[in-house]
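Remarks on the structure that follows.
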Amino acid sequence: MNDTSACSRLGPKEYKSGVKPVWCPGCGDFTVLGSLTKALSGLNIAPENAAVISGIGCSSRMPTYLSTYGFHGVHGRALALATGLKVARPDLTVIATGGDGDGFSIGGNHFLHTCRRNPDMTYIVMDNQVYGMTKGQASPTTEPNWEKGKLTPSGTGINPFQPLVIALASGANFIARCSSSDQNGTAKVIMEAIRHPGFSLVQVLSPCVTFRPEQREWKKLVQPAPVEATSDPAQAARRLLTDEGLYTGVLFKGHRPPYQPTLESTIDQVTELDEEFQL
Amino acid sequence: MNDTSACSRLGPKEYKSGVKPVWCPGCGDFTVLGSLTKALSGLNIAPENAAVISGIGCSSRMPTYLSTYGFHGVHGRALALATGLKVARPDLTVIATGGDGDGFSIGGNHFLHTCRRNPDMTYIVMDNQVYGMTKGQASPTTEPNWEKGKLTPSGTGINPFQPLVIALASGANFIARCSSSDQNGTAKVIMEAIRHPGFSLVQVLSPCVTFRPEQREWKKLVQPAPVEATSDPAQAARRLLTDEGLYTGVLFKGHRPPYQPTLESTIDQVTELDEEFQL
Amino acid sequence: MSRQSLSIALSGSGGSGVMTTGSMLLEAAGKAGWYGIMTRSAGPQIRGGEAAALIRVSDQPLESHDDSFDLVLAIDPASLGRFMGEIPLREDSVIICDMAGGRRDASLPETLAREIDLPMKKMAKAVKGGRPNMIALGVLARVIGLPEGSIGGILEKVLRAKGADALEASQACVKEGYAAGAELPAFSGPPITDVPDGERWSITGNEAAGLGAVRGGVRFVAAYPITPATEVLEWLAGSLPKLGGVLVQAEDELASINQIIGASFGGKPSLTATSGPGLALMTESIGLAVCSEVPVVVLDVMRCGPSTGIATKNEQSDLNIALNGLHGDAPHLVLAPTSLSDCIFTTQWAVHLAEAMQTAAIVLSDQSLGQTRAIVDKPADIAFIAKRNVPEVVGETYRRYAIGDSPVSPMTIPGQPGGQYTADGLEHTEAGAPSSLYDDHLAQLDKRSNKITNFNFGEHWADIDGTGDTMVITWGSACGPVREALSRLRAQGTEVRMLAIRLLAPERPEDMRAALEGVKRVLLVEQSHSKQFYRYLRAAYDLPAEVKLFHRPGPLAFKPGEIIEQLSDWCGSEKL
Amino acid sequence: MSRQSLSIALSGSGGSGVMTTGSMLLEAAGKAGWYGIMTRSAGPQIRGGEAAALIRVSDQPLESHDDSFDLVLAIDPASLGRFMGEIPLREDSVIICDMAGGRRDASLPETLAREIDLPMKKMAKAVKGGRPNMIALGVLARVIGLPEGSIGGILEKVLRAKGADALEASQACVKEGYAAGAELPAFSGPPITDVPDGERWSITGNEAAGLGAVRGGVRFVAAYPITPATEVLEWLAGSLPKLGGVLVQAEDELASINQIIGASFGGKPSLTATSGPGLALMTESIGLAVCSEVPVVVLDVMRCGPSTGIATKNEQSDLNIALNGLHGDAPHLVLAPTSLSDCIFTTQWAVHLAEAMQTAAIVLSDQSLGQTRAIVDKPADIAFIAKRNVPEVVGETYRRYAIGDSPVSPMTIPGQPGGQYTADGLEHTEAGAPSSLYDDHLAQLDKRSNKITNFNFGEHWADIDGTGDTMVITWGSACGPVREALSRLRAQGTEVRMLAIRLLAPERPEDMRAALEGVKRVLLVEQSHSKQFYRYLRAAYDLPAEVKLFHRPGPLAFKPGEIIEQLSDWCGSEKL
Ligand SMILES: Cc1ncc(C[n+]2csc(CCOP(=O)(O)OP(=O)(O)O)c2C)c(N)n1
Ligand SMILES: Cc1ncc(C[n+]2csc(CCOP(=O)(O)OP(=O)(O)O)c2C)c(N)n1
Ligand code: SF4
Ligand code: SF4
Ligand SMILES: [Mg+2]
Ligand SMILES: [Mg+2]
């Protein structure tokens, strides 16, 4: 573990724990790990002041590979756990990480309500449109006619979940899309997301080379959004509803104040509460 | 119970079970019960061919008061239960009913995914912007500065959940808003919702006279939407993002085919499956 | 007949204000120096419907209702019918009722008791803005022997907000009632004594649990409303901010349990409160707290199950899920308060224990403890507070899940340099890296189980009382009636022992063996249909050969007399 | 030494194809007339990492691995290290390994076994498109005595999809390997017998459970993927549509359990499959099925807990939650298959029972049963199918929850005129209207509990076997090694009884008493750290005075020899 009470800036490598990832060779998540360590280094956040929180999935293994504090929780609940931590400890940099299944399927309710609540944290979703860890089922972001999903052999037949549109509709304060093929670009966006007050969503297109090998093509298909980030939800909605899911960059930046109840006490002693019970 | 194998049309009253509602005098839900029985009668649906499914809450008591089949399930899971029923029994008219807490707080994930999946059913949400049954806490649709919520004495401080916007963003096929102050209008919209293929959401503003007595004013504030229902999601989004939540009527009608896996078998005997295991 | 205690029921139809009246009467009794309890009984309606306030006062601390009621006041005769099952009457009981016509009201249920007509509605009409429930308050105060002045201050406190007119009308009604009461048969209540200010409290079990939580150090609460736990949360929502703490109303129970795990990971002692259905939703993540060794407290205020069951009524049927509801081998703490005021101690102790052992504690309160209001002696200040084993300095090779001399390994808090680790619900090595090896699994399973079985819990694991070779073993809200039964027996010269288990998990085999020394016969008392407590005891402990079981589901509360009856086979032959 | 069975381990690093090789070998063995099992062992990696296929073949049906392995083939020497804990070797065991340089590879773990170098990589290189694992396949086939032809058809079946070149390359490699095998020490495998077509099956426990489900009548499944239950779902996703059924991939486990309740309410026998974490999420709604009396089956394929635990490894530690994880008093069925092929029967029976009693059944399979592939005798067709008590005609006053002669009340299906009712998780009257009265609560609690305790389960509650005054009681995947241990003892003339409990809830006190007749000593065997099975038995049954417990957590499987050792104190003194 790193002792960073000294002030010198740590390099990205020093944000790695040294535990060897279990990811398949070529998995997009390796690059995201790199982007995240670069962002932490770039922002000069001491590892002890950052906490990375996740659920379950290949992508959710992230915390283990970092030298920050981390919590590898249960499937789908990363945002709830991260919210509790952030509300209780507003001094920390809190980052949630996970996958499209963890975040949008089982975790969908927390996604909705965390966007709405708007705590000051960053959520990095490695979207590979599949459940990698359980070996290849369709996820909410999977296209309806993908017939290799092991529980949906004729395709899901249902509309993919639009994470950025839902995030916008439910109140997220910062919305971006990145591609794991661009490690530095992703690092920059993550830095901006962390800096932006309130709840920031960073969707990273991160190929699952094992169950969706065709996603290797993503790196050729993605392109930077042709316009600057807007702070007008209506405009953002229009753009998000029409982009093909392949524009990268910061797409929306809102101005809602973050959710943070005060932690200032008004009385000194617990015993002062006794009064109300006294006859 | 009614025997409706005879063909004569039943009147709305015959869709009531006779169990006395536990609702407070003046509760908006009484009117919604009336609208629903009128709609069922209007569509001439035999009570045995309809199933009304709910979770827990004042509004979720609905099935008990009807002479159709019903299921009063657990808190937040009405849509999941209704989906299972509809997929297994596409011949039935399936209607889910409930409240803003049941549907959008604990039930938020099923709301998202049912809109997305688009089964052919109708969901009537009696929105009173409060948890009535548990005696007055803020719900997701409560305005941020309501200070009477018993767990949020200084207001929730967070953006209200926009059910219709989220429904649209996640793929609901029919979206309407009604007011319990207009029983007949609501009945008509419910009829249209039932008829429309796919997943139909009907939000009914239904005052909680006990914990939100100010909602009695709603009847003066609501007004029919000035435009016809659109089938263009982008246009609908624009409208929904700007209306103040008080326009009533059908607001969106989509054309997505409902989710309904076929129930035709391709083999006659279970034993035909044995072959694949034989050496 | 002069009794040690007086039991009064007050019923009315929706909106008649019997609950307010009851509360005011209880407070007046408290001011006059009596102890007392009040429980609320109501139908499923949110508003309207019938309601009854069940009150008992005494010069001795009370934890249970009596076998029967002395006095019933029915503002609406019809309202009484709904509650007759809960209001047993004797021949010498008295029903005061507004017959509103002079003739016996046909809707009044037939009982053995003496009926007295009192035209409360008419009397209220005579006062501008007057209400029958305030007449009733005056009548009751007089009949049970409370000084007239005892009501005044309370009226002012409660009705101040409603304006001067309302207050005046009420005062006039109470006065009328008090005068009318003089004409009615009087009950000689318990002796009135002077109690120094602040020595007695008026508190509900739910408030008590909230107080215990903050006394123990809880500063973060996330929760989702559910009957009958909501009042704990309401109290905490008001109180936590004063202490620099916070309550978050979560979107569901899955969020609340995970939010408190997150906050506790961040160093704040954390709690959530719920009831059966919510607890069921939380078990997966309680297992996470156990496996990742993050302290949390989950307060379950039980109600009738299964499923939604009867949300407003009492039962002790979440014992199974609390003890055995987690998947995998997930050792954790389960505690239950042994009385209403013990809700303070037990919740506070649970916070202390969870923090000391870095694990999850489930506290099983119930609707009856939680929603009863009682006048009690001022509770003691207790020393147990949250104290986590946080290392002051962290060495080069900090291992969060180290297996050292103590199975409780030092736990760093985010922000602490050098202490970084990943808390994990996956099985892990001592350093916290995922592992699927048998040796790591076994070592960590041993660690997590040893830390709670080897802990020195001291005397608090149970309340043990009495002598003799017969023992009643019970828990939770069933303790109250048992305690009263045994004290009645003692007054008659029969000694029966009592064991009220506060620490349900981990088991304390040594302590139990000691407690059972010399016990030949055991009566188990529990409010569950499937004998959950009995089955737990069988699995966990060696009981004497002769075991008798007195169990039934909710919502009917146990009465002291019923316990005595259950014991009569055994004790009767000897001394009764 | 000629043995009844041969145990072979095949290890390799990621991508080396050991699992395919193992499966093909097993199938070849099956074709040759042997019984066999194969289990997979792998690290946490999704792809890559080390993997081992553990295979055992015999002329007798197999349910367990042996105490040690006869033959190990390591395609990559280093890969073997990871699995040595699972591959005990003897002095006369043989390791075939590619030293890839002639010198002993330092990464090969030190063992007592004899090491033989075989340049498989080099041999494969010599074939265009050749792969070492296909060389290994040929080698193994030869060494264990399989006829060369036994591989041909399988190669074609498996590799057809990969094209003619791939197939040819493999064929060439197998041939090479087979030839090379002739130079190596041969093992005399079990006798090769001719088995008529269709008399033997190759099936996994997870497929078996899926088959049992559809045989029982299940036509609706909703589920969320989770290891190690996913294969049940995968099989069902392919098979249900053929039968006019449907599988819905739900958004989470809360959705899946509620979807199946909805579908079953609609008249379709319904099932979901999950593992510990998912089961924990479902308990609230399983209680709903119990209270509303809607039949559902929940298959839990257990893995190591607590929390995420070790997702890919075996443990029997969800017994607690399955038996006692529901809030309130919620009687339901809990069953466990007693062998891999019994997954068919037990799941099918569970569907039948749930439907017959209109309640929830939890079936506890586990990773070891579920993910093992076995060559077994063709399973019998069993008569148990879903048959719900649906009234043909509904009278004027149909009451869904009527308390009649039988506690199982007739259940109408939506669409049935006059049968309308509201299924409810609230406590209710016989007609299904909400009720908060004690009498209704008690009556319905009695109904829901009587219907399962009074049911005539017949002989199937347990598999009972053997004679003598010593008995082993066990369940689930622990049955396999116990059965083999006892048959070994029997072969030596020592008789030990065995009780494998299939029906864990409700309890069968009469049946248990009968089974224990004459038993003086009991050994309990279970794979759980906290002794869940032992505690269950203590709570539910009266056991003989002498009880010994052999338990440990996952993932290490029990070996027959260990069971014999546990019994040696008792049996040793007598006959061993
Ligand atoms: C309650 C629960 N249900 C199911 C699972 C099984 N499970 C583990 S990871 C996962 C999906 C992961 O998909 P995603 O979040 O997209 O991550 P990826 O592996 O694709 O990175 C599932 C279903 C679980 N661990 N817990
Ligand atoms: C799992 C669970 N959590 C909490 C509750 C308590 N509960 C019952 S109804 C309700 C809220 C109801 O609000 P809403 O759906 O808006 O219905 P309303 O009463 O306002 O019509 C809550 C929190 C419960 N029954 N189950
Ligand atoms: S399975 Fe897919 S997502 Fe998981 S590690 Fe492999 S490539 Fe990455
Ligand atoms: S509490 Fe509110 S929502 Fe519930 S019945 Fe009363 S008025 Fe209606
Ligand atoms: Mg994914
Ligand atoms: Mg509401």
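Each chain of the structure tokens is named A, B, ... in the order shown, its residues numbered from 1; ligands are numbered from 1 in display order.
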
Give me the residues within 8 Å of B:Val87 as a PyMOL selection string, counting only C-alpha atoms and dropping any in the same chain fewer than 5 places off. (chain B and resi 119+260-261) or (chain D and resi 263)

Dump as a PDB file, in the first residue's frame, selection limited to N, CA and C atoms:
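Saved to again.pdb:
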```
ATOM      1  N   PRO B 119     -44.926  -5.491 -22.531  1.00  0.00           N
ATOM      2  CA  PRO B 119     -46.010  -6.481 -22.597  1.00  0.00           C
ATOM      3  C   PRO B 119     -47.343  -5.762 -22.772  1.00  0.00           C
ATOM      4  N   GLN B 260     -44.431 -10.660 -26.605  1.00  0.00           N
ATOM      5  CA  GLN B 260     -45.243 -11.842 -26.325  1.00  0.00           C
ATOM      6  C   GLN B 260     -44.624 -13.056 -27.000  1.00  0.00           C
ATOM      7  N   PRO B 261     -43.799 -13.791 -26.248  1.00  0.00           N
ATOM      8  CA  PRO B 261     -43.218 -15.004 -26.827  1.00  0.00           C
ATOM      9  C   PRO B 261     -44.337 -15.960 -27.225  1.00  0.00           C
TER      10      PRO B 261
ATOM     11  N   ALA D 263     -47.367 -16.040 -13.286  1.00  0.00           N
ATOM     12  CA  ALA D 263     -47.664 -17.059 -14.289  1.00  0.00           C
ATOM     13  C   ALA D 263     -48.374 -18.247 -13.654  1.00  0.00           C
TER      14      ALA D 263
END
```

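Residues from chain C found within 6 Å of chain A are C:Gly198, C:Arg200, C:Trp201, C:Ser202, C:Ile203, C:Lys242, C:Leu243, C:Gly244, C:Gly245, C:Ala255, C:Asn258, C:Gln259, C:Ile260, C:Gly262, C:Ala263, C:Gly266, C:Pro414, C:Gly415, C:Gln416, C:Pro417, C:Gly418, C:Gln420, C:Tyr421, C:Thr422, C:Ala423, C:Asp424, C:Gly425, counting only C-alpha atoms.
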
Residues within 10 Å of ligand 3, counting only C-alpha atoms and all ligand atoms, as an MDAnalysis selection string: (chainID A and resid 21:30 57:61 99 126:136 206:213) or (chainID D and resid 45:48)

Counting only C-alpha atoms, a student should be able to say which residues of chain A come within 7 Å of chain B; what is the right answer, written as a VMD selection string? chain A and resid 108 to 109 116 to 117 158 to 159 161 165 to 166 169 to 170 234 238

Taking only C-alpha atoms into account, what are the residues of chain C at most 6 Å from chain D, put as an mmCIF file with C-alpha atoms, in the first residue's frame?
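Written file, result_20.cif:
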```
data_model
loop_
_atom_site.group_PDB
_atom_site.id
_atom_site.type_symbol
_atom_site.label_atom_id
_atom_site.label_comp_id
_atom_site.auth_asym_id
_atom_site.auth_seq_id
_atom_site.Cartn_x
_atom_site.Cartn_y
_atom_site.Cartn_z
ATOM 1 C CA GLY C 276 -40.339 -8.441 8.197
ATOM 2 C CA PRO C 277 -40.829 -7.743 4.472
ATOM 3 C CA ALA C 280 -36.317 -10.211 3.885
ATOM 4 C CA LEU C 281 -35.107 -7.849 1.175
ATOM 5 C CA THR C 283 -30.651 -10.450 3.938
ATOM 6 C CA GLU C 284 -28.413 -10.697 0.890
ATOM 7 C CA GLY C 287 -24.466 -11.225 4.385
ATOM 8 C CA LEU C 288 -22.218 -8.732 2.637
ATOM 9 C CA GLY C 305 -46.437 -12.485 8.934
ATOM 10 C CA PRO C 306 -46.101 -14.219 6.604
ATOM 11 C CA SER C 307 -45.843 -11.871 3.619
ATOM 12 C CA THR C 308 -47.679 -8.602 4.254
ATOM 13 C CA GLY C 309 -49.619 -10.429 6.969
ATOM 14 C CA ILE C 310 -51.190 -8.018 9.417
ATOM 15 C CA SER C 317 -42.325 -14.617 14.000
ATOM 16 C CA ASP C 318 -39.220 -13.108 12.435
ATOM 17 C CA ASN C 320 -36.266 -17.683 12.037
ATOM 18 C CA ILE C 321 -35.220 -15.208 9.411
ATOM 19 C CA ASN C 324 -31.061 -18.232 9.836
ATOM 20 C CA GLY C 325 -32.130 -16.024 6.971
ATOM 21 C CA LEU C 326 -28.717 -15.335 5.454
ATOM 22 C CA HIS C 327 -27.377 -17.536 2.694
ATOM 23 C CA GLY C 328 -24.095 -19.331 3.248
ATOM 24 C CA ASP C 329 -22.417 -19.609 6.629
ATOM 25 C CA ALA C 330 -22.863 -16.087 7.897
ATOM 26 C CA GLY C 425 -18.086 -10.036 -0.237
ATOM 27 C CA LEU C 426 -16.038 -12.488 -2.228
ATOM 28 C CA GLU C 427 -14.010 -14.849 -0.109
ATOM 29 C CA SER C 436 -11.222 -19.441 -4.061
ATOM 30 C CA TYR C 438 -10.219 -23.935 0.720
ATOM 31 C CA SER C 530 -44.601 -22.469 14.059
ATOM 32 C CA ARG C 535 -37.088 -24.925 17.665
ATOM 33 C CA ARG C 538 -33.797 -27.219 20.717
ATOM 34 C CA ALA C 539 -31.165 -26.616 18.070
ATOM 35 C CA PRO C 555 -52.115 -10.545 17.379
#
```

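Take the candidates A:Glu143, A:Asp102, A:Asp120, A:Glu14 and check each one against A:Gly245 using only C-alpha atoms; the shortest distance goes to A:Glu143.
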
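Nearest-residue note for ligand 1: choosing from D:Pro228, D:Gly181, D:Gly480, D:Pro560, the minimum distance belongs to D:Pro228, counting only C-alpha atoms and all ligand atoms.
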
Please provide as a ChimeraX atom specification all residues within 12 Å of stretch 110-117 of chain D, with the sequence filter that same-chain residues fewer than 3 positions apart are discarded (counting only C-alpha atoms). /D:68-78,80-81,84-85,87-107,120-122,180-181,183-185

Could you pull out all residues of stretch 286-458 of chain D with a DSSP call of alpha helix (DSSP H) and give them as a VMD selection string? chain D and resid 286 to 292 319 to 324 342 to 357 367 to 371 438 to 453
